[in-house]
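Colleague: Structure supplied as coords_25.cif; contents: mmCIF, C-alpha atoms.
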```
data_coords
loop_
_atom_site.label_atom_id
_atom_site.label_comp_id
_atom_site.auth_asym_id
_atom_site.auth_seq_id
_atom_site.Cartn_x
_atom_site.Cartn_y
_atom_site.Cartn_z
CA GLY A 198 -108.13 69.93 155.39
CA GLY A 199 -105.57 71.69 157.50
CA VAL A 200 -104.04 75.10 157.09
CA GLY A 201 -100.55 75.98 158.21
CA GLY A 202 -98.42 79.00 157.58
CA GLY A 203 -95.06 80.59 157.86
CA GLY A 204 -94.25 84.25 158.09
CA VAL A 205 -94.06 87.20 155.78
CA GLY A 206 -91.17 86.62 153.42
CA GLY A 207 -89.49 88.99 151.03
CA GLY A 208 -92.24 88.57 148.44
CA GLY A 209 -95.13 88.45 150.89
CA VAL A 210 -97.63 91.02 152.07
CA GLY A 211 -97.33 92.60 155.45
CA GLY A 212 -99.53 94.98 157.41
CA GLY A 213 -103.24 94.34 157.78
CA GLY A 214 -103.48 91.45 155.36
CA VAL A 215 -104.98 91.01 151.90
CA ALA A 216 -108.50 90.33 150.65
CA LEU A 217 -108.05 87.35 148.32
CA GLU A 218 -110.82 88.22 145.87
CA ALA A 219 -111.40 88.98 142.21
CA GLY A 220 -109.15 91.77 141.01
CA GLY A 221 -106.26 90.87 143.29
CA SER A 222 -103.27 88.77 142.29
CA VAL A 223 -101.45 85.82 143.85
CA GLU A 224 -98.36 83.72 143.36
CA VAL A 225 -99.38 80.14 144.05
CA SER A 226 -98.22 76.54 143.64
CA TYR A 227 -100.62 73.61 143.88
CA THR A 228 -101.36 70.01 142.97
CA LEU A 229 -104.93 68.80 142.48
CA GLN A 230 -105.32 65.01 142.49
CA LEU A 231 -108.35 62.74 142.30
CA GLU A 232 -108.84 60.33 145.17
CA PRO A 233 -108.95 56.62 144.18
CA ASP A 234 -112.39 55.56 142.96
CA GLY A 235 -112.34 52.17 144.65
CA SER A 236 -110.84 50.24 141.73
CA GLY A 237 -107.48 50.05 143.48
CA GLY A 238 -105.64 52.47 141.22
CA VAL A 239 -103.97 55.74 142.09
CA GLY A 240 -106.10 58.83 141.54
CA ALA A 241 -105.29 60.86 138.44
CA THR A 242 -103.45 64.17 138.81
CA LEU A 243 -105.77 66.83 137.41
CA GLU A 244 -103.55 69.88 137.56
CA VAL A 245 -100.08 70.93 138.74
CA GLN A 246 -98.96 74.57 138.92
CA ARG A 247 -95.59 75.88 140.14
CA ARG A 248 -95.23 79.50 141.27
CA LEU A 249 -98.02 80.68 139.01
CA CYS A 250 -98.58 84.46 139.14
CA VAL A 251 -102.21 85.07 138.28
CA LEU A 252 -105.05 87.58 138.55
CA LEU A 253 -107.93 86.28 140.67
CA GLY A 254 -111.27 86.27 138.91
CA GLY A 255 -109.61 86.03 135.51
CA GLY A 256 -110.59 82.39 134.91
CA LEU A 257 -107.02 81.02 134.89
CA LEU A 258 -107.19 78.93 138.08
CA HIS A 259 -109.31 75.84 138.62
CA PRO A 260 -112.65 77.13 140.02
CA GLU A 261 -112.36 75.06 143.21
CA VAL A 262 -108.85 76.38 143.83
CA GLU A 263 -109.96 79.95 143.35
CA GLY A 264 -112.92 79.35 145.64
CA LEU A 265 -110.62 78.02 148.36
CA LEU A 266 -108.26 80.99 147.99
CA ALA A 267 -111.18 83.32 148.66
CA ASP A 268 -111.52 81.72 152.12
CA LEU A 269 -107.82 82.08 153.00
CA GLY A 270 -107.68 85.85 153.51
CA ALA A 271 -107.81 85.64 157.30
CA ALA A 272 -105.21 82.85 157.46
CA TRP A 273 -102.90 84.81 155.16
CA ALA A 274 -103.23 87.94 157.30
CA ALA A 275 -102.85 86.12 160.62
CA ARG A 276 -99.71 84.13 159.99
CA ALA A 277 -96.89 85.15 162.31
CA ALA A 278 -93.85 87.06 161.02
CA PRO A 279 -90.60 85.13 161.53
CA ALA A 280 -88.00 86.44 163.90
CA GLY A 281 -84.25 86.42 163.39
CA PRO A 282 -82.11 85.82 160.33
CA GLU A 283 -84.60 83.41 158.73
CA SER A 284 -86.66 86.37 157.59
CA ALA A 285 -83.87 87.85 155.50
CA ALA A 286 -84.25 87.90 151.75
CA GLY A 287 -82.89 84.80 150.12
CA SER A 288 -83.70 82.52 153.08
CA GLY A 289 -86.38 79.88 153.18
CA GLU A 290 -89.64 81.41 152.02
CA ALA A 291 -92.66 81.58 154.27
CA ALA A 292 -95.60 80.44 152.17
CA LEU A 293 -99.03 79.61 153.51
CA HIS A 294 -99.50 75.83 153.21
CA VAL A 295 -102.92 74.28 152.70
CA GLU A 296 -104.17 70.73 152.30
CA ALA A 297 -107.88 70.34 151.60
CA ALA A 298 -110.49 67.84 150.41
CA LEU A 299 -112.59 69.11 147.50
CA ARG A 300 -115.21 67.88 145.07
CA VAL A 301 -114.74 68.47 141.35
CA VAL A 302 -116.57 67.48 138.18
CA TYR A 303 -114.43 65.02 136.21
CA ARG A 304 -115.73 63.47 133.00
CA GLY A 305 -119.27 64.43 133.88
CA LYS A 306 -119.21 63.02 137.44
CA ARG A 307 -118.56 64.57 140.84
CA ARG A 308 -115.36 63.15 142.31
CA ARG A 309 -113.47 63.68 145.55
CA CYS A 310 -109.97 65.09 145.22
CA ARG A 311 -107.10 66.36 147.36
CA LEU A 312 -105.47 69.74 147.03
CA TRP A 313 -101.96 70.62 148.19
CA LEU A 314 -101.39 74.36 147.88
CA GLN A 315 -98.72 76.92 148.73
CA LEU A 316 -99.61 80.61 148.65
CA HIS A 317 -96.33 82.50 148.18
CA SER A 318 -97.57 86.09 147.90
CA ALA A 319 -100.72 88.14 147.39
CA THR A 320 -101.63 91.63 146.24
CA ALA A 321 -104.91 93.30 147.22
CA ALA A 322 -107.45 94.08 144.50
CA GLU A 323 -107.25 97.84 144.98
CA GLU A 324 -103.44 97.76 144.84
CA PHE A 325 -103.49 95.66 141.66
CA GLU A 326 -105.96 98.02 139.98
CA CYS A 327 -103.62 100.95 140.66
CA VAL A 328 -100.77 99.04 139.01
CA ALA A 329 -103.00 98.14 136.04
CA ALA A 330 -104.05 101.75 135.59
CA ARG A 331 -100.46 102.92 135.75
CA ASP A 332 -99.51 100.37 133.10
CA GLY A 333 -102.08 101.67 130.67
CA GLY A 334 -105.58 100.70 131.73
CA PRO A 335 -107.87 97.86 132.83
CA SER A 336 -107.04 94.20 132.41
CA LEU A 337 -108.31 92.12 129.50
CA GLY A 338 -110.68 90.34 131.89
CA ALA A 339 -112.17 93.67 133.00
CA LEU A 340 -112.63 94.74 129.38
CA ARG A 341 -114.50 91.49 128.63
CA ILE A 342 -116.80 92.03 131.61
CA ASN A 343 -117.52 95.64 130.58
CA TYR A 344 -118.25 94.57 127.00
CA VAL A 345 -120.71 91.85 128.04
CA CYS A 346 -122.44 94.23 130.48
CA GLU A 347 -122.90 96.78 127.70
CA LEU A 348 -124.42 94.12 125.43
CA LEU A 349 -126.83 93.09 128.17
CA ARG A 350 -127.90 96.67 128.75
CA GLN A 351 -128.62 97.00 125.03
CA LEU A 352 -130.65 93.76 125.02
CA SER A 353 -132.65 94.80 128.12
CA PRO A 354 -133.50 91.24 129.22
CA ALA A 355 -135.90 90.55 132.06
CA SER A 356 -133.86 87.54 133.21
CA VAL A 357 -130.20 86.53 132.98
CA CYS A 358 -128.31 83.39 134.01
CA ASP A 359 -124.54 83.75 134.38
CA VAL A 360 -123.20 80.22 133.79
CA GLY A 361 -119.89 79.62 135.56
CA CYS A 362 -120.34 82.86 137.49
CA GLY A 363 -117.41 82.36 139.88
CA GLU A 364 -117.59 85.04 142.57
CA GLY A 365 -120.14 87.10 140.65
CA ARG A 366 -117.93 89.66 138.94
CA LEU A 367 -120.18 89.96 135.88
CA ILE A 368 -123.43 90.14 137.86
CA CYS A 369 -122.06 92.75 140.28
CA SER A 370 -120.76 94.84 137.39
CA LEU A 371 -124.15 94.65 135.72
CA LEU A 372 -125.96 95.79 138.87
CA ARG A 373 -123.50 98.51 139.79
CA GLY A 374 -124.71 102.05 139.36
CA GLY A 375 -128.31 101.02 138.69
CA GLY A 376 -127.46 99.33 135.40
CA ALA A 377 -129.80 96.92 133.59
CA PRO A 378 -133.08 98.41 134.91
CA SER A 379 -135.08 95.85 132.94
CA LEU A 380 -133.80 92.92 135.04
CA ARG A 381 -136.31 91.14 137.26
CA ARG A 382 -134.51 87.80 137.73
CA VAL A 383 -130.84 86.84 137.98
CA VAL A 384 -129.56 83.25 138.26
CA ALA A 385 -125.95 82.67 139.31
CA ASN A 386 -124.59 79.24 138.40
CA ASP A 387 -121.28 77.62 139.27
CA VAL A 388 -119.98 74.13 140.01
CA SER A 389 -118.01 75.46 143.00
CA ALA A 390 -120.08 75.86 146.17
CA ARG A 391 -117.39 78.10 147.68
CA ALA A 392 -117.36 80.46 144.72
CA LEU A 393 -121.16 80.50 144.64
CA ARG A 394 -121.32 81.42 148.32
CA ARG A 395 -118.97 84.33 147.73
CA CYS A 396 -121.04 85.34 144.70
CA GLY A 397 -124.16 85.46 146.85
CA GLU A 398 -122.46 87.69 149.42
CA LYS A 399 -121.16 90.09 146.80
CA VAL A 400 -124.38 90.31 144.79
CA ARG A 401 -126.44 91.01 147.92
CA ALA A 402 -123.95 93.73 148.87
CA ALA A 403 -124.22 95.18 145.34
CA LEU A 404 -128.03 95.19 145.58
CA ALA A 405 -127.86 96.94 148.95
CA ALA A 406 -125.46 99.55 147.57
CA ARG A 407 -127.70 100.02 144.56
CA ALA A 408 -130.73 100.66 146.79
CA GLY A 409 -128.73 103.03 149.00
CA GLY A 410 -127.44 104.95 145.99
CA GLY A 411 -130.86 106.16 144.95
CA ALA A 412 -131.44 103.73 142.08
CA PRO A 413 -135.13 103.05 141.33
CA SER A 414 -136.53 100.37 143.60
CA VAL A 415 -137.13 97.19 141.59
CA GLU A 416 -138.11 93.76 142.85
CA LEU A 417 -135.26 91.51 141.74
CA GLU A 418 -135.37 87.73 142.14
CA PHE A 419 -131.86 86.35 142.77
CA GLU A 420 -131.07 82.61 142.69
CA LEU A 421 -127.94 80.55 143.32
CA LEU A 422 -127.64 77.29 141.40
CA CYS A 423 -124.77 74.87 142.13
CA SER A 424 -124.52 72.53 139.13
CA PRO A 425 -122.16 71.48 136.32
CA VAL A 426 -122.96 73.30 133.10
CA SER A 427 -123.85 70.04 131.36
CA GLU A 428 -126.73 69.49 133.81
CA LEU A 429 -128.42 72.87 133.34
CA ARG A 430 -131.86 73.07 131.81
CA LEU A 431 -132.52 76.78 131.55
CA ALA A 432 -133.72 77.50 128.02
CA ALA A 433 -137.29 78.19 129.15
CA GLY A 434 -136.25 80.02 132.29
CA CYS A 435 -133.99 82.91 131.24
CA ASP A 436 -133.95 85.41 128.39
CA VAL A 437 -130.14 85.47 128.20
CA LEU A 438 -127.39 83.03 129.23
CA THR A 439 -123.85 84.31 129.66
CA LEU A 440 -120.64 82.22 129.75
CA VAL A 441 -117.55 84.37 130.32
CA GLU A 442 -114.17 82.61 130.58
CA VAL A 443 -115.81 79.24 131.25
CA VAL A 444 -115.20 76.82 128.36
CA GLU A 445 -111.42 76.67 128.91
CA HIS A 446 -112.07 74.99 132.29
CA LEU A 447 -114.21 72.16 130.91
CA ASP A 448 -112.99 68.63 130.20
CA PRO A 449 -113.69 67.48 126.60
CA PRO A 450 -116.71 65.29 127.55
CA GLU A 451 -118.21 68.17 129.54
CA LEU A 452 -117.57 70.54 126.65
CA GLN A 453 -119.40 68.23 124.24
CA ARG A 454 -122.50 68.33 126.46
CA LEU A 455 -122.34 72.10 126.98
CA GLY A 456 -124.76 73.20 124.26
CA GLY A 457 -127.42 70.64 125.07
CA GLY A 458 -127.06 71.29 128.78
CA VAL A 459 -127.43 75.06 128.82
CA LEU A 460 -130.10 75.11 126.09
CA GLY A 461 -132.09 72.20 127.50
CA ARG A 462 -131.77 70.06 124.38
CA GLY A 463 -130.90 66.43 124.78
#
```
Mind turning this structure into structure tokens?
Modeller:
Amino acid sequence: GGVGGGGVGGGGVGGGGVALEAGGSVEVSYTLQLEPDGSGGVGATLEVQRRLCVLLGGGLLHPEVEGLLADLGAAWAARAAPAGPESAAGSGEAALHVEAALRVVYRGKRRRCRLWLQLHSATAAEEFECVAARDGGPSLGALRINYVCELLRQLSPASVCDVGCGEGRLICSLLRGGGAPSLRRVVANDVSARALRRCGEKVRAALAARAGGGAPSVELEFELLCSPVSELRLAAGCDVLTLVEVVEHLDPPELQRLGGGVLGRG
């Protein structure tokens, strides 16, 4: 798909650009529509959002949309600032426009779809965290992650699979500071190849930081698995499976197959 952009409007972000990653926030509009399946009909519209203000990594955006946003940081930073009166507040806004071809899981099958997206504004993760702290503490999503990490540390599993891992926020939190010393194997699963790629980058960086911080050296096997949750067969492979902010993104047929898929039954 193509990417086009305007300038920095009144609600945009200037300066050196923004890392569009978990912990940051965006204001975004988009339409996600299935491509025709060959039967001659028009593809179904899967999702429409208009000027949605949302925290990245919080599980509120479609996984493929969030994965695409993670790749738009450079385009967002590089778009040219408008000159003249057009840049004044109240004039036409300068969103970043994106059209892309994606693959999604729809009713248990992988389907091609088209995405039309406008990114209106973005706030860096570190800036958002300062705002959150000033407003009284971490976000609800961060509290969930911390709670699950504490449970895992108490369980001391040798292997964990994070189902619907997104960009790896849970896994990175678990590894940070030398946590979960019992772990020998970590499997990161997601249906989005983009999100899984970002997860791999972040987890490897977390492992490198962990080694450089003086944590005990432990051989850790790390795997990336791109698959819908209904197709997983991991019961015999991992001590613990985690699903954090995942089920709300599943279509009803996919949700019905969830238990059998992740537990390897049926």
Colleague: If we count only C-alpha atoms and set the cut-off at 8 Å, which residues sit around A:Val441, ignoring sequence neighbours fewer than 2 positions away in its own chain? Please answer as number ranges by chain.
Modeller: A: 341-342, 360-362, 439, 443
Colleague: Once the PyMOL selection byres ((chain A and resi 308) around 10) has been applied to the shown file, what residues remain in the selection, as a PDB file with C-alpha atoms, in the frame of the given file?
Modeller:
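Contents of part-v1.pdb, as written:
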```pdb
ATOM      1  CA  LEU A 231    -108.350  62.740 142.300  1.00  0.00           C
ATOM      2  CA  GLU A 232    -108.840  60.330 145.170  1.00  0.00           C
ATOM      3  CA  PRO A 233    -108.950  56.620 144.180  1.00  0.00           C
ATOM      4  CA  ASP A 234    -112.390  55.560 142.960  1.00  0.00           C
ATOM      5  CA  LEU A 299    -112.590  69.110 147.500  1.00  0.00           C
ATOM      6  CA  ARG A 300    -115.210  67.880 145.070  1.00  0.00           C
ATOM      7  CA  VAL A 301    -114.740  68.470 141.350  1.00  0.00           C
ATOM      8  CA  VAL A 302    -116.570  67.480 138.180  1.00  0.00           C
ATOM      9  CA  TYR A 303    -114.430  65.020 136.210  1.00  0.00           C
ATOM     10  CA  ARG A 304    -115.730  63.470 133.000  1.00  0.00           C
ATOM     11  CA  GLY A 305    -119.270  64.430 133.880  1.00  0.00           C
ATOM     12  CA  LYS A 306    -119.210  63.020 137.440  1.00  0.00           C
ATOM     13  CA  ARG A 307    -118.560  64.570 140.840  1.00  0.00           C
ATOM     14  CA  ARG A 309    -113.470  63.680 145.550  1.00  0.00           C
ATOM     15  CA  CYS A 310    -109.970  65.090 145.220  1.00  0.00           C
TER      16      CYS A 310
END
```
Colleague: With a distance cut-off of 8 Å and all atoms listed in the file, select the neighbouring residues of stretch 400-405 of chain A, excluding the residue or stretch itself and same-chain residues fewer than 4 positions from it, and output the selection as a ChimeraX atom specification.
Modeller: /A:365,368-369,372-373,396,409
Colleague: Suppose a student applies the PyMOL selection byres ((chain A and resi 353) around 9) to this structure; what residues should they get, written as a PyMOL selection string?
Modeller: chain A and resi 348-352+354-356+377-380
Colleague: Take atom CA of A:Leu421 and atom CA of A:Glu364 and report the distance between them in Å, one decimal.
Modeller: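 Distance reported for this atom pair: 11.3 Å.
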Colleague: Between A:Gly338, A:Gly240, A:Gly363, A:Gly221, which has the minimum distance to A:His446 (counting only C-alpha atoms)?
Modeller: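 Using only C-alpha atoms, A:His446 sits closest to A:Gly363.
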Colleague: Would you mind reading off the distance between atom CA of A:Ser370 and atom CA of A:Leu269, one decimal, in Å?
Modeller: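 Between these atoms lies a distance of 24.0 Å.
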Colleague: In Å to one decimal, how far is atom CA of A:Glu263 from atom CA of A:Lys399?
Modeller: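 So the answer is 15.5 Å.
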Colleague: Please determine, counting all atoms listed in the file, which residue among A:Leu316, A:Val459, A:Leu217, A:Ala298 has the shortest atom-to-atom distance to A:Arg247.
Modeller: A:Leu316
Colleague: Once 8 Å is added on each side, what centre and edge lengths in Å to one decimal does the axis-aligned box around all listed atoms of stretch 342-345 of chain A have, as JSON?
Modeller:
```
{"center_x": -118.8, "center_y": 93.7, "center_z": 129.3, "size_x": 19.9, "size_y": 19.8, "size_z": 20.6}
```
Colleague: Need to verify the contact set: A:Gln246, 8 Å, only C-alpha atoms, exclusion of same-chain residues closer than 6 positions in sequence. Can you return it as a list in words?
Modeller: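 Answer for this query is Val225, Ser226, Tyr227 and Thr228 of chain A.
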Colleague: Starting from the point (-111.0, 79.4, 129.9), work out which residues of protein, DNA or RNA have an atom no more than 10 Å away when counting all atoms listed in the file; state them as a VMD selection string.
Modeller: chain A and resid 255 to 259 441 to 447
Colleague: Env of A:Ala390: 9 Å cut, atoms = all atoms listed in the file, seq-sep filter 2 positions within chain, self excluded. Answer as a PDB file with C-alpha atoms, keeping the file's coordinate frame.
Modeller:
```pdb
ATOM      1  CA  GLU A 261    -112.360  75.060 143.210  1.00  0.00           C
ATOM      2  CA  GLY A 264    -112.920  79.350 145.640  1.00  0.00           C
ATOM      3  CA  ASP A 387    -121.280  77.620 139.270  1.00  0.00           C
ATOM      4  CA  VAL A 388    -119.980  74.130 140.010  1.00  0.00           C
ATOM      5  CA  ALA A 392    -117.360  80.460 144.720  1.00  0.00           C
ATOM      6  CA  LEU A 393    -121.160  80.500 144.640  1.00  0.00           C
ATOM      7  CA  ARG A 394    -121.320  81.420 148.320  1.00  0.00           C
ATOM      8  CA  ARG A 395    -118.970  84.330 147.730  1.00  0.00           C
ATOM      9  CA  CYS A 423    -124.770  74.870 142.130  1.00  0.00           C
ATOM     10  CA  SER A 424    -124.520  72.530 139.130  1.00  0.00           C
TER      11      SER A 424
END
```
Colleague: Quick one: of A:Ala271, A:Val251, A:Val384, A:Cys435, who's nearest to A:Leu367, counting only C-alpha atoms?
Modeller: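 Nearest candidate to A:Leu367 out of A:Ala271, A:Val251, A:Val384, A:Cys435: A:Val384.
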Colleague: Once the PyMOL selection byres ((chain A and resi 313) around 8) is applied to the coordinates I shared, what remains selected? I want it as an mmCIF file with C-alpha atoms, in the frame of the given file.
Modeller:
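As a result, expr37.cif now contains:
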```
data_model
loop_
_atom_site.group_PDB
_atom_site.id
_atom_site.type_symbol
_atom_site.label_atom_id
_atom_site.label_comp_id
_atom_site.auth_asym_id
_atom_site.auth_seq_id
_atom_site.Cartn_x
_atom_site.Cartn_y
_atom_site.Cartn_z
ATOM 1 C CA TYR A 227 -100.620 73.610 143.880
ATOM 2 C CA THR A 228 -101.360 70.010 142.970
ATOM 3 C CA LEU A 229 -104.930 68.800 142.480
ATOM 4 C CA HIS A 294 -99.500 75.830 153.210
ATOM 5 C CA VAL A 295 -102.920 74.280 152.700
ATOM 6 C CA GLU A 296 -104.170 70.730 152.300
ATOM 7 C CA ALA A 297 -107.880 70.340 151.600
ATOM 8 C CA ARG A 311 -107.100 66.360 147.360
ATOM 9 C CA LEU A 312 -105.470 69.740 147.030
ATOM 10 C CA LEU A 314 -101.390 74.360 147.880
ATOM 11 C CA GLN A 315 -98.720 76.920 148.730
#
```
Colleague: Measuring atom to atom with only C-alpha atoms, identify which of A:Glu451, A:Asp359, A:Glu398, A:Glu416 is nearest to A:Val437.
Modeller: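 Result for the nearest residue to A:Val437: A:Asp359.
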Colleague: As a PDB file, keeping the file's coordinate frame, could you write out stretch 333-347 of chain A once it has been completed with N, CA, C and O atoms?
Modeller:
```pdb
ATOM      1  N   GLY A 333    -101.376 101.347 131.900  1.00  0.00           N
ATOM      2  CA  GLY A 333    -102.080 101.670 130.670  1.00  0.00           C
ATOM      3  C   GLY A 333    -103.558 101.336 130.642  1.00  0.00           C
ATOM      4  O   GLY A 333    -104.185 101.471 129.596  1.00  0.00           O
ATOM      5  N   GLY A 334    -104.144 100.898 131.745  1.00  0.00           N
ATOM      6  CA  GLY A 334    -105.580 100.700 131.730  1.00  0.00           C
ATOM      7  C   GLY A 334    -106.022  99.390 132.343  1.00  0.00           C
ATOM      8  O   GLY A 334    -105.218  98.659 132.914  1.00  0.00           O
ATOM      9  N   PRO A 335    -107.319  99.073 132.225  1.00  0.00           N
ATOM     10  CA  PRO A 335    -107.870  97.860 132.830  1.00  0.00           C
ATOM     11  C   PRO A 335    -107.347  96.592 132.190  1.00  0.00           C
ATOM     12  O   PRO A 335    -106.853  96.607 131.061  1.00  0.00           O
ATOM     13  N   SER A 336    -107.489  95.489 132.923  1.00  0.00           N
ATOM     14  CA  SER A 336    -107.040  94.200 132.410  1.00  0.00           C
ATOM     15  C   SER A 336    -107.959  93.724 131.294  1.00  0.00           C
ATOM     16  O   SER A 336    -109.077  94.218 131.111  1.00  0.00           O
ATOM     17  N   LEU A 337    -107.500  92.706 130.549  1.00  0.00           N
ATOM     18  CA  LEU A 337    -108.310  92.120 129.500  1.00  0.00           C
ATOM     19  C   LEU A 337    -109.591  91.528 130.063  1.00  0.00           C
ATOM     20  O   LEU A 337    -110.671  91.641 129.461  1.00  0.00           O
ATOM     21  N   GLY A 338    -109.490  90.902 131.245  1.00  0.00           N
ATOM     22  CA  GLY A 338    -110.680  90.340 131.890  1.00  0.00           C
ATOM     23  C   GLY A 338    -111.713  91.414 132.191  1.00  0.00           C
ATOM     24  O   GLY A 338    -112.912  91.221 131.989  1.00  0.00           O
ATOM     25  N   ALA A 339    -111.248  92.570 132.693  1.00  0.00           N
ATOM     26  CA  ALA A 339    -112.170  93.670 133.000  1.00  0.00           C
ATOM     27  C   ALA A 339    -112.819  94.207 131.734  1.00  0.00           C
ATOM     28  O   ALA A 339    -114.011  94.548 131.723  1.00  0.00           O
ATOM     29  N   LEU A 340    -112.068  94.276 130.648  1.00  0.00           N
ATOM     30  CA  LEU A 340    -112.630  94.740 129.380  1.00  0.00           C
ATOM     31  C   LEU A 340    -113.709  93.786 128.871  1.00  0.00           C
ATOM     32  O   LEU A 340    -114.736  94.219 128.339  1.00  0.00           O
ATOM     33  N   ARG A 341    -113.479  92.469 129.041  1.00  0.00           N
ATOM     34  CA  ARG A 341    -114.500  91.490 128.630  1.00  0.00           C
ATOM     35  C   ARG A 341    -115.783  91.690 129.421  1.00  0.00           C
ATOM     36  O   ARG A 341    -116.889  91.682 128.859  1.00  0.00           O
ATOM     37  N   ILE A 342    -115.634  91.836 130.744  1.00  0.00           N
ATOM     38  CA  ILE A 342    -116.800  92.030 131.610  1.00  0.00           C
ATOM     39  C   ILE A 342    -117.566  93.284 131.190  1.00  0.00           C
ATOM     40  O   ILE A 342    -118.805  93.272 131.070  1.00  0.00           O
ATOM     41  N   ASN A 343    -116.869  94.382 130.969  1.00  0.00           N
ATOM     42  CA  ASN A 343    -117.520  95.640 130.580  1.00  0.00           C
ATOM     43  C   ASN A 343    -118.246  95.488 129.248  1.00  0.00           C
ATOM     44  O   ASN A 343    -119.351  96.017 129.066  1.00  0.00           O
ATOM     45  N   TYR A 344    -117.634  94.761 128.307  1.00  0.00           N
ATOM     46  CA  TYR A 344    -118.250  94.570 127.000  1.00  0.00           C
ATOM     47  C   TYR A 344    -119.543  93.773 127.103  1.00  0.00           C
ATOM     48  O   TYR A 344    -120.576  94.131 126.507  1.00  0.00           O
ATOM     49  N   VAL A 345    -119.506  92.676 127.884  1.00  0.00           N
ATOM     50  CA  VAL A 345    -120.710  91.850 128.040  1.00  0.00           C
ATOM     51  C   VAL A 345    -121.810  92.630 128.753  1.00  0.00           C
ATOM     52  O   VAL A 345    -122.994  92.542 128.388  1.00  0.00           O
ATOM     53  N   CYS A 346    -121.437  93.415 129.764  1.00  0.00           N
ATOM     54  CA  CYS A 346    -122.440  94.230 130.480  1.00  0.00           C
ATOM     55  C   CYS A 346    -123.107  95.216 129.540  1.00  0.00           C
ATOM     56  O   CYS A 346    -124.328  95.422 129.605  1.00  0.00           O
ATOM     57  N   GLU A 347    -122.327  95.825 128.654  1.00  0.00           N
ATOM     58  CA  GLU A 347    -122.900  96.780 127.700  1.00  0.00           C
ATOM     59  C   GLU A 347    -123.856  96.080 126.736  1.00  0.00           C
ATOM     60  O   GLU A 347    -124.934  96.608 126.412  1.00  0.00           O
TER      61      GLU A 347
END
```
